[in-house]
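> Before anything else, here's the structure in question.
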Amino acid sequence: MPRVHLTEEETRRRVADAVVAYIADNGIGVVPDLPMERILVSADVSRASAYRIWPGRGAFTAFALAEAAAGNVIETLDAATALRLADEAVAARQDRLTAAAAFVAAAAAHELAVLLRSPRWRAFVGFQAVATATGEEPLRAALARADAQDAARLTAFYGVVGGAWGLRVQEDARVAVLADAARQLARGAVARILAGGDEVAATRGHADALAALVRGTFVEDPEGVFDRDRLEQGLTGG
(Lines give C-alpha, C1' and ligand atoms only; values in the text may rest on other atoms or scores of the structure.)
Protein backbone atom coordinates (compact mmCIF):
# COMPACT_ATOMS: atom_id res chain seq x y z
CA MET A 1 0.00 0.00 0.00
CA PRO A 2 1.51 3.38 -0.97
CA ARG A 3 2.22 5.86 1.80
CA VAL A 4 -0.15 8.78 2.24
CA HIS A 5 1.51 12.05 1.29
CA LEU A 6 2.47 13.94 4.42
CA THR A 7 3.14 17.61 4.83
CA GLU A 8 6.49 18.61 6.31
CA GLU A 9 4.76 19.45 9.60
CA GLU A 10 3.10 16.02 9.71
CA THR A 11 6.40 14.33 8.91
CA ARG A 12 8.18 16.19 11.69
CA ARG A 13 5.43 15.31 14.17
CA ARG A 14 5.46 11.62 13.30
CA VAL A 15 9.22 11.41 13.51
CA ALA A 16 9.28 13.40 16.76
CA ASP A 17 6.84 10.95 18.36
CA ALA A 18 8.89 7.99 17.12
CA VAL A 19 12.13 9.55 18.40
CA VAL A 20 10.66 10.10 21.86
CA ALA A 21 9.29 6.56 21.98
CA TYR A 22 12.66 5.11 20.93
CA ILE A 23 14.70 7.08 23.47
CA ALA A 24 12.16 6.40 26.23
CA ASP A 25 12.38 2.64 25.59
CA ASN A 26 16.07 2.30 24.72
CA GLY A 27 17.87 5.27 26.23
CA ILE A 28 20.56 7.15 24.40
CA GLY A 29 24.32 6.86 24.47
CA VAL A 30 26.65 9.57 25.68
CA VAL A 31 27.71 9.78 22.03
CA PRO A 32 24.25 9.69 20.45
CA ASP A 33 23.97 7.10 17.67
CA LEU A 34 20.27 6.90 16.93
CA PRO A 35 19.10 4.34 14.34
CA MET A 36 17.57 6.79 11.90
CA GLU A 37 16.18 4.17 9.52
CA ARG A 38 14.59 2.18 12.33
CA ILE A 39 12.94 5.32 13.70
CA LEU A 40 11.66 6.30 10.24
CA VAL A 41 10.10 2.85 9.81
CA SER A 42 8.41 3.22 13.20
CA ALA A 43 7.10 6.64 12.16
CA ASP A 44 5.97 5.27 8.75
CA VAL A 45 7.94 8.01 7.01
CA SER A 46 9.93 7.41 3.85
CA ARG A 47 13.67 8.01 3.73
CA ALA A 48 13.18 10.41 0.83
CA SER A 49 10.76 12.56 2.83
CA ALA A 50 13.02 12.49 5.87
CA TYR A 51 16.19 13.39 4.02
CA ARG A 52 14.49 16.42 2.48
CA ILE A 53 14.09 17.73 6.04
CA TRP A 54 17.21 16.27 7.67
CA PRO A 55 19.92 15.96 5.01
CA GLY A 56 22.18 13.83 7.18
CA ARG A 57 22.47 11.98 10.46
CA GLY A 58 23.92 15.01 12.17
CA ALA A 59 20.82 17.09 11.43
CA PHE A 60 18.57 14.18 12.42
CA THR A 61 20.40 13.67 15.72
CA ALA A 62 20.18 17.38 16.52
CA PHE A 63 16.42 17.25 15.90
CA ALA A 64 16.07 14.14 18.07
CA LEU A 65 17.97 15.70 20.96
CA ALA A 66 15.87 18.87 20.73
CA GLU A 67 12.71 16.76 20.98
CA ALA A 68 14.09 14.89 23.98
CA ALA A 69 15.10 18.17 25.64
CA ALA A 70 11.53 19.46 25.36
CA GLY A 71 10.21 16.54 27.39
CA ASN A 72 10.46 18.29 30.74
CA VAL A 73 7.48 20.50 29.86
CA ILE A 74 4.59 18.17 30.63
CA GLU A 75 1.62 18.67 32.91
CA THR A 76 2.10 16.62 36.06
CA LEU A 77 -0.42 18.03 38.54
CA ASP A 78 -3.76 19.34 37.30
CA ALA A 79 -5.71 21.72 39.49
CA ALA A 80 -8.49 19.23 40.27
CA THR A 81 -6.04 16.64 41.56
CA ALA A 82 -4.12 19.25 43.53
CA LEU A 83 -7.27 20.50 45.23
CA ARG A 84 -8.30 16.95 46.11
CA LEU A 85 -4.90 16.32 47.71
CA ALA A 86 -5.14 19.64 49.55
CA ASP A 87 -8.57 18.75 50.93
CA GLU A 88 -7.22 15.42 52.16
CA ALA A 89 -4.29 17.13 53.89
CA VAL A 90 -6.57 19.67 55.57
CA ALA A 91 -9.08 16.98 56.60
CA ALA A 92 -6.37 15.31 58.70
CA ARG A 93 -6.77 18.29 61.09
CA GLN A 94 -3.07 18.95 61.45
CA ASP A 95 -1.50 22.34 62.00
CA ARG A 96 -1.21 24.40 58.83
CA LEU A 97 2.51 23.85 58.30
CA THR A 98 2.19 20.08 58.69
CA ALA A 99 -0.83 20.06 56.38
CA ALA A 100 1.06 22.05 53.75
CA ALA A 101 4.00 19.66 54.00
CA ALA A 102 1.64 16.67 53.70
CA PHE A 103 0.06 18.23 50.62
CA VAL A 104 3.45 18.77 49.00
CA ALA A 105 4.47 15.17 49.77
CA ALA A 106 1.26 13.78 48.25
CA ALA A 107 1.59 16.05 45.21
CA ALA A 108 5.21 14.95 44.76
CA ALA A 109 4.25 11.27 44.84
CA HIS A 110 1.53 11.90 42.26
CA GLU A 111 3.86 13.86 40.00
CA LEU A 112 6.56 11.21 40.20
CA ALA A 113 4.09 8.55 39.07
CA VAL A 114 3.11 10.72 36.10
CA LEU A 115 6.74 11.34 35.17
CA LEU A 116 7.70 7.68 35.34
CA ARG A 117 4.93 6.75 32.94
CA SER A 118 5.61 9.57 30.51
CA PRO A 119 7.70 8.64 27.46
CA ARG A 120 8.50 12.32 26.96
CA TRP A 121 9.96 12.62 30.45
CA ARG A 122 11.95 9.41 30.11
CA ALA A 123 13.36 10.79 26.87
CA PHE A 124 14.25 13.98 28.72
CA VAL A 125 16.12 11.99 31.36
CA GLY A 126 18.16 10.46 28.54
CA PHE A 127 18.87 13.90 27.10
CA GLN A 128 19.85 15.19 30.54
CA ALA A 129 22.44 12.43 30.90
CA VAL A 130 23.92 13.17 27.47
CA ALA A 131 24.02 16.94 28.04
CA THR A 132 25.66 16.52 31.43
CA ALA A 133 28.23 13.98 30.25
CA THR A 134 29.32 15.56 26.97
CA GLY A 135 29.54 19.19 28.05
CA GLU A 136 28.74 20.34 24.51
CA GLU A 137 27.57 23.93 24.65
CA PRO A 138 24.31 23.61 22.64
CA LEU A 139 23.24 20.68 24.80
CA ARG A 140 24.22 22.36 28.04
CA ALA A 141 22.38 25.49 26.96
CA ALA A 142 19.23 23.46 26.25
CA LEU A 143 19.52 21.78 29.65
CA ALA A 144 20.00 25.16 31.31
CA ARG A 145 16.80 26.42 29.68
CA ALA A 146 14.92 23.36 30.93
CA ASP A 147 16.34 23.92 34.43
CA ALA A 148 15.23 27.57 34.35
CA GLN A 149 11.72 26.60 33.26
CA ASP A 150 11.41 24.05 36.04
CA ALA A 151 12.83 26.43 38.62
CA ALA A 152 10.34 29.15 37.69
CA ARG A 153 7.41 26.73 37.74
CA LEU A 154 8.36 25.24 41.10
CA THR A 155 9.13 28.61 42.69
CA ALA A 156 5.65 29.79 41.69
CA PHE A 157 4.09 26.55 43.00
CA TYR A 158 5.72 26.80 46.43
CA GLY A 159 4.81 30.47 46.62
CA VAL A 160 1.18 29.49 46.03
CA VAL A 161 1.39 26.77 48.69
CA GLY A 162 2.85 29.15 51.26
CA GLY A 163 0.26 31.81 50.56
CA ALA A 164 -2.69 29.41 50.59
CA TRP A 165 -1.72 27.87 53.93
CA GLY A 166 -0.97 31.19 55.58
CA LEU A 167 2.76 30.59 55.93
CA ARG A 168 5.73 32.89 55.73
CA VAL A 169 9.30 32.14 54.77
CA GLN A 170 11.69 31.55 57.66
CA GLU A 171 14.58 33.90 58.18
CA ASP A 172 17.54 32.96 55.95
CA ALA A 173 15.31 30.65 53.88
CA ARG A 174 14.26 31.19 50.27
CA VAL A 175 11.50 29.65 48.19
CA ALA A 176 13.83 29.55 45.17
CA VAL A 177 16.23 27.30 47.11
CA LEU A 178 13.34 24.98 47.99
CA ALA A 179 12.29 24.91 44.34
CA ASP A 180 15.79 24.06 43.14
CA ALA A 181 16.10 21.27 45.69
CA ALA A 182 12.70 19.92 44.64
CA ARG A 183 13.76 19.92 40.98
CA GLN A 184 16.94 18.00 41.71
CA LEU A 185 15.18 15.54 43.99
CA ALA A 186 12.55 14.73 41.36
CA ARG A 187 15.05 14.18 38.58
CA GLY A 188 17.27 12.10 40.84
CA ALA A 189 14.37 9.92 41.95
CA VAL A 190 13.23 9.33 38.37
CA ALA A 191 16.76 8.48 37.24
CA ARG A 192 17.23 6.00 40.10
CA ILE A 193 13.94 4.25 39.40
CA LEU A 194 14.57 4.05 35.66
CA ALA A 195 17.97 2.54 36.45
CA GLY A 196 16.24 -0.28 38.33
CA GLY A 197 15.75 1.18 41.81
CA ASP A 198 12.77 0.40 44.02
CA GLU A 199 9.93 2.70 42.91
CA VAL A 200 7.99 2.56 46.18
CA ALA A 201 11.03 3.34 48.32
CA ALA A 202 12.25 6.09 45.99
CA THR A 203 8.81 7.70 45.87
CA ARG A 204 8.46 7.62 49.64
CA GLY A 205 11.93 9.04 50.14
CA HIS A 206 11.28 11.78 47.59
CA ALA A 207 7.99 12.78 49.22
CA ASP A 208 9.45 12.72 52.75
CA ALA A 209 12.42 14.85 51.68
CA LEU A 210 10.15 17.48 50.15
CA ALA A 211 7.93 17.57 53.23
CA ALA A 212 11.02 18.18 55.38
CA LEU A 213 12.16 20.95 53.03
CA VAL A 214 8.77 22.66 53.32
CA ARG A 215 8.93 22.51 57.11
CA GLY A 216 12.44 23.95 56.98
CA THR A 217 11.47 26.77 54.64
CA PHE A 218 8.19 28.05 56.09
CA VAL A 219 6.70 28.89 59.46
CA GLU A 220 3.09 29.63 60.26
CA ASP A 221 1.98 33.23 60.17
CA PRO A 222 0.05 33.68 63.43
CA GLU A 223 -2.66 35.57 61.58
CA GLY A 224 -2.79 33.18 58.63
CA VAL A 225 -5.50 30.71 57.70
CA PHE A 226 -5.87 28.06 55.02
CA ASP A 227 -7.46 29.69 51.97
CA ARG A 228 -8.68 27.08 49.48
CA ASP A 229 -9.88 29.70 47.00
CA ARG A 230 -6.43 31.26 46.98
CA LEU A 231 -4.90 27.86 46.31
CA GLU A 232 -7.28 27.22 43.41
CA GLN A 233 -6.64 30.67 41.91
CA GLY A 234 -2.90 30.19 42.21
CA LEU A 235 -3.03 26.79 40.54
CA THR A 236 -5.27 27.86 37.69
CA GLY A 237 -3.85 31.34 37.19
CA GLY A 238 -7.24 32.82 37.98
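Within each chain, counting starts at residue 1; across the C-alpha coordinates, chains are named A, B, ... in the order shown, with ligands numbered 1 upward in that order.
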Name the residues in contact with region 26-32 of chain A at a cut-off of 12 Å, using only C-alpha atoms, excluding same-chain residues fewer than 6 positions from it; report them as an MDAnalysis selection string.
chainID A and resid 18:20 39 57:58 60:65 68 119:136 139 191 194:195
> DSSP on the backbone, strand (DSSP E) only: what residues of region 38-230 of chain A does that give? Format it as a PyMOL selection string.
chain A and resi 167-169+218-220
> With N, CA, C and O atoms retained, export the selected residues as a PDB file, in the first residue's frame.

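Output below, filename selection.pdb:
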ATOM      1  N   LEU A 167       1.409  30.771  55.422  1.00  0.00           N
ATOM      2  CA  LEU A 167       2.762  30.591  55.932  1.00  0.00           C
ATOM      3  C   LEU A 167       3.629  31.769  55.503  1.00  0.00           C
ATOM      4  O   LEU A 167       3.300  32.503  54.582  1.00  0.00           O
ATOM      5  N   ARG A 168       4.736  31.921  56.171  1.00  0.00           N
ATOM      6  CA  ARG A 168       5.731  32.892  55.728  1.00  0.00           C
ATOM      7  C   ARG A 168       7.093  32.204  55.723  1.00  0.00           C
ATOM      8  O   ARG A 168       7.318  31.210  56.422  1.00  0.00           O
ATOM      9  N   VAL A 169       7.985  32.747  54.928  1.00  0.00           N
ATOM     10  CA  VAL A 169       9.305  32.137  54.773  1.00  0.00           C
ATOM     11  C   VAL A 169      10.144  32.423  56.009  1.00  0.00           C
ATOM     12  O   VAL A 169      10.170  33.546  56.523  1.00  0.00           O
ATOM     13  N   PHE A 218       9.302  27.200  55.656  1.00  0.00           N
ATOM     14  CA  PHE A 218       8.194  28.049  56.092  1.00  0.00           C
ATOM     15  C   PHE A 218       7.940  27.936  57.597  1.00  0.00           C
ATOM     16  O   PHE A 218       8.302  26.940  58.231  1.00  0.00           O
ATOM     17  N   VAL A 219       7.285  28.936  58.118  1.00  0.00           N
ATOM     18  CA  VAL A 219       6.704  28.888  59.458  1.00  0.00           C
ATOM     19  C   VAL A 219       5.280  29.440  59.327  1.00  0.00           C
ATOM     20  O   VAL A 219       4.945  30.126  58.361  1.00  0.00           O
ATOM     21  N   GLU A 220       4.457  29.128  60.308  1.00  0.00           N
ATOM     22  CA  GLU A 220       3.087  29.626  60.264  1.00  0.00           C
ATOM     23  C   GLU A 220       3.045  31.111  60.603  1.00  0.00           C
ATOM     24  O   GLU A 220       3.698  31.559  61.555  1.00  0.00           O
TER      25      GLU A 220
END
> Could you name the residues that touch Ala151 (chain A) at 10 Å or less, counting only C-alpha atoms, but leaving out those on the same chain fewer than 6 positions away, as a ChimeraX atom specification?
/A:145,157,176-184
> Check region 126-176 of chain A with DSSP on the backbone and list each residue it calls alpha helix (DSSP H), as a PyMOL selection string.
chain A and resi 126-134+137-164+175-176
> Keeping only N, CA, C and O atoms, write the selected residues as a short mmCIF file (atom, residue, chain, number, x, y, z; two decimals), in the first residue's frame.

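Listing of part.cif after writing:
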data_model
loop_
_atom_site.label_atom_id
_atom_site.label_comp_id
_atom_site.auth_asym_id
_atom_site.auth_seq_id
_atom_site.Cartn_x
_atom_site.Cartn_y
_atom_site.Cartn_z
N GLY A 126 17.06 10.87 29.40
CA GLY A 126 18.16 10.46 28.54
C GLY A 126 18.93 11.66 28.01
O GLY A 126 20.17 11.66 27.99
N PHE A 127 18.20 12.68 27.59
CA PHE A 127 18.87 13.90 27.10
C PHE A 127 19.70 14.54 28.21
O PHE A 127 20.83 14.98 27.98
N GLN A 128 19.15 14.59 29.41
CA GLN A 128 19.85 15.19 30.54
C GLN A 128 21.19 14.49 30.78
O GLN A 128 22.22 15.16 31.00
N ALA A 129 21.20 13.18 30.69
CA ALA A 129 22.44 12.43 30.90
C ALA A 129 23.47 12.76 29.82
O ALA A 129 24.66 12.95 30.11
N VAL A 130 23.01 12.85 28.57
CA VAL A 130 23.92 13.17 27.47
C VAL A 130 24.48 14.59 27.63
O VAL A 130 25.69 14.83 27.50
N ALA A 131 23.59 15.54 27.92
CA ALA A 131 24.02 16.94 28.04
C ALA A 131 25.01 17.12 29.18
O ALA A 131 25.97 17.89 29.08
N THR A 132 24.77 16.41 30.28
CA THR A 132 25.66 16.52 31.43
C THR A 132 27.01 15.87 31.16
O THR A 132 28.06 16.39 31.54
N ALA A 133 27.00 14.74 30.47
CA ALA A 133 28.23 13.98 30.25
C ALA A 133 29.12 14.59 29.17
O ALA A 133 30.34 14.61 29.30
N THR A 134 28.51 15.09 28.09
CA THR A 134 29.32 15.56 26.97
C THR A 134 29.87 16.96 27.18
O THR A 134 30.97 17.28 26.73
N GLU A 137 28.26 22.69 24.30
CA GLU A 137 27.57 23.93 24.65
C GLU A 137 26.11 23.95 24.23
O GLU A 137 25.25 24.36 25.03
N PRO A 138 25.74 23.57 22.99
CA PRO A 138 24.31 23.61 22.64
C PRO A 138 23.45 22.73 23.55
O PRO A 138 22.33 23.11 23.91
N LEU A 139 23.99 21.58 23.93
CA LEU A 139 23.24 20.68 24.80
C LEU A 139 23.14 21.24 26.21
O LEU A 139 22.09 21.20 26.85
N ARG A 140 24.24 21.78 26.70
CA ARG A 140 24.22 22.36 28.04
C ARG A 140 23.30 23.57 28.09
O ARG A 140 22.62 23.81 29.09
N ALA A 141 23.27 24.34 27.00
CA ALA A 141 22.38 25.49 26.96
C ALA A 141 20.92 25.05 26.98
O ALA A 141 20.08 25.66 27.66
N ALA A 142 20.60 23.98 26.24
CA ALA A 142 19.23 23.46 26.25
C ALA A 142 18.85 22.95 27.63
O ALA A 142 17.72 23.15 28.10
N LEU A 143 19.79 22.28 28.30
CA LEU A 143 19.52 21.78 29.65
C LEU A 143 19.35 22.95 30.62
O LEU A 143 18.49 22.90 31.50
N ALA A 144 20.14 23.99 30.45
CA ALA A 144 20.00 25.16 31.31
C ALA A 144 18.64 25.81 31.14
O ALA A 144 18.03 26.27 32.12
N ARG A 145 18.14 25.86 29.91
CA ARG A 145 16.80 26.42 29.68
C ARG A 145 15.73 25.57 30.36
O ARG A 145 14.80 26.10 30.96
N ALA A 146 15.88 24.25 30.27
CA ALA A 146 14.92 23.36 30.93
C ALA A 146 14.98 23.56 32.45
O ALA A 146 13.94 23.59 33.12
N ASP A 147 16.18 23.69 32.99
CA ASP A 147 16.34 23.92 34.43
C ASP A 147 15.65 25.23 34.84
O ASP A 147 14.99 25.30 35.88
N ALA A 148 15.83 26.27 34.03
CA ALA A 148 15.23 27.57 34.35
C ALA A 148 13.71 27.49 34.32
O ALA A 148 13.02 28.08 35.17
N GLN A 149 13.17 26.77 33.34
CA GLN A 149 11.72 26.60 33.26
C GLN A 149 11.18 25.88 34.49
O GLN A 149 10.17 26.29 35.09
N ASP A 150 11.85 24.80 34.87
CA ASP A 150 11.41 24.05 36.04
C ASP A 150 11.53 24.87 37.31
O ASP A 150 10.66 24.83 38.19
N ALA A 151 12.62 25.62 37.43
CA ALA A 151 12.83 26.43 38.62
C ALA A 151 11.74 27.48 38.76
O ALA A 151 11.21 27.71 39.86
N ALA A 152 11.39 28.13 37.65
CA ALA A 152 10.34 29.15 37.69
C ALA A 152 8.99 28.54 38.05
O ALA A 152 8.24 29.09 38.87
N ARG A 153 8.69 27.38 37.46
CA ARG A 153 7.41 26.73 37.74
C ARG A 153 7.32 26.31 39.21
O ARG A 153 6.30 26.54 39.88
N LEU A 154 8.39 25.72 39.72
CA LEU A 154 8.36 25.24 41.10
C LEU A 154 8.39 26.39 42.10
O LEU A 154 7.74 26.31 43.16
N THR A 155 9.12 27.45 41.79
CA THR A 155 9.13 28.61 42.69
C THR A 155 7.72 29.19 42.80
O THR A 155 7.26 29.53 43.90
N ALA A 156 7.03 29.29 41.67
CA ALA A 156 5.65 29.79 41.69
C ALA A 156 4.75 28.84 42.49
O ALA A 156 3.91 29.29 43.29
N PHE A 157 4.92 27.53 42.30
CA PHE A 157 4.09 26.55 43.00
C PHE A 157 4.26 26.67 44.51
O PHE A 157 3.26 26.71 45.25
N TYR A 158 5.50 26.73 44.98
CA TYR A 158 5.72 26.80 46.43
C TYR A 158 5.28 28.15 46.99
O TYR A 158 4.88 28.23 48.16
N GLY A 159 5.35 29.19 46.18
CA GLY A 159 4.81 30.47 46.62
C GLY A 159 3.30 30.38 46.82
O GLY A 159 2.76 30.92 47.80
N VAL A 160 2.63 29.69 45.91
CA VAL A 160 1.18 29.49 46.03
C VAL A 160 0.86 28.67 47.28
O VAL A 160 -0.07 28.99 48.04
N VAL A 161 1.62 27.62 47.52
CA VAL A 161 1.39 26.77 48.69
C VAL A 161 1.55 27.58 49.97
O VAL A 161 0.70 27.53 50.88
N GLY A 162 2.63 28.35 50.06
CA GLY A 162 2.85 29.15 51.26
C GLY A 162 1.74 30.15 51.49
O GLY A 162 1.25 30.31 52.62
N GLY A 163 1.32 30.83 50.42
CA GLY A 163 0.26 31.81 50.56
C GLY A 163 -1.07 31.19 50.94
O GLY A 163 -1.80 31.72 51.78
N ALA A 164 -1.40 30.04 50.33
CA ALA A 164 -2.69 29.41 50.59
C ALA A 164 -2.80 28.86 52.00
O ALA A 164 -3.89 28.85 52.59
N VAL A 175 12.33 30.57 48.95
CA VAL A 175 11.50 29.65 48.19
C VAL A 175 12.25 29.14 46.97
O VAL A 175 12.10 27.98 46.58
N ALA A 176 13.08 29.98 46.36
CA ALA A 176 13.83 29.55 45.17
C ALA A 176 14.77 28.40 45.51
O ALA A 176 14.99 27.50 44.67
#
> Residues at most 12 Å from Ala106 (chain A), counting only C-alpha atoms, excluding those fewer than 2 positions away in the same chain, as JSON, numbers by chain?
{"A": [77, 81, 82, 83, 84, 85, 86, 87, 88, 89, 99, 100, 101, 102, 103, 104, 108, 109, 110, 111, 112, 113, 203, 204, 205, 206, 207, 208, 209, 210, 211]}
> Could you tell me which of A:Leu34, A:Ala212, A:Ile23, A:Ala43 comes closest to Thr11 (chain A) if we count only C-alpha atoms?
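Looking at the shortest contact to Thr11 (chain A), the residue is A:Ala43.
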> Which one is closest to Ser118 (chain A): A:Ala24, A:Ala91, A:Ile53, A:Val225? Count only C-alpha atoms.
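Result for the nearest residue to Ser118 (chain A): A:Ala24.
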> If we count only C-alpha atoms, what is near Asp44 (chain A) at a cut-off of 10 Å, once residues fewer than 2 positions away on the same chain are taken out, given as a list in words?
Arg3, Val4, Thr11, Arg14, Val15, Ala18, Arg38, Ile39, Leu40, Val41, Ser42, Ser46 and Arg47 of chain A
> Between A:Ala70, A:Ala201, A:Met36, A:Leu6, which is the closest to Gly56 (chain A) once you count only C-alpha atoms?
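Looking at the shortest contact to Gly56 (chain A), the residue is A:Met36.
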> One decimal, Å: what's the distance from CA of Val214 (chain A) over to CA of Leu231 (chain A), could you say?
16.2 Å
> Ranking A:Gly188, A:Gly196, A:Gly224, A:Pro55 by minimum distance to Leu97 (chain A) and counting only C-alpha atoms, which one comes first?
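With only C-alpha atoms as the atom set, the closest residue is A:Gly224.
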> When you count only C-alpha atoms, which of these residues is closest to Ala189 (chain A): A:Leu235, A:Leu116, A:Ala80, A:Ala107?
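That would be A:Leu116, the residue with the smallest distance to Ala189 (chain A).
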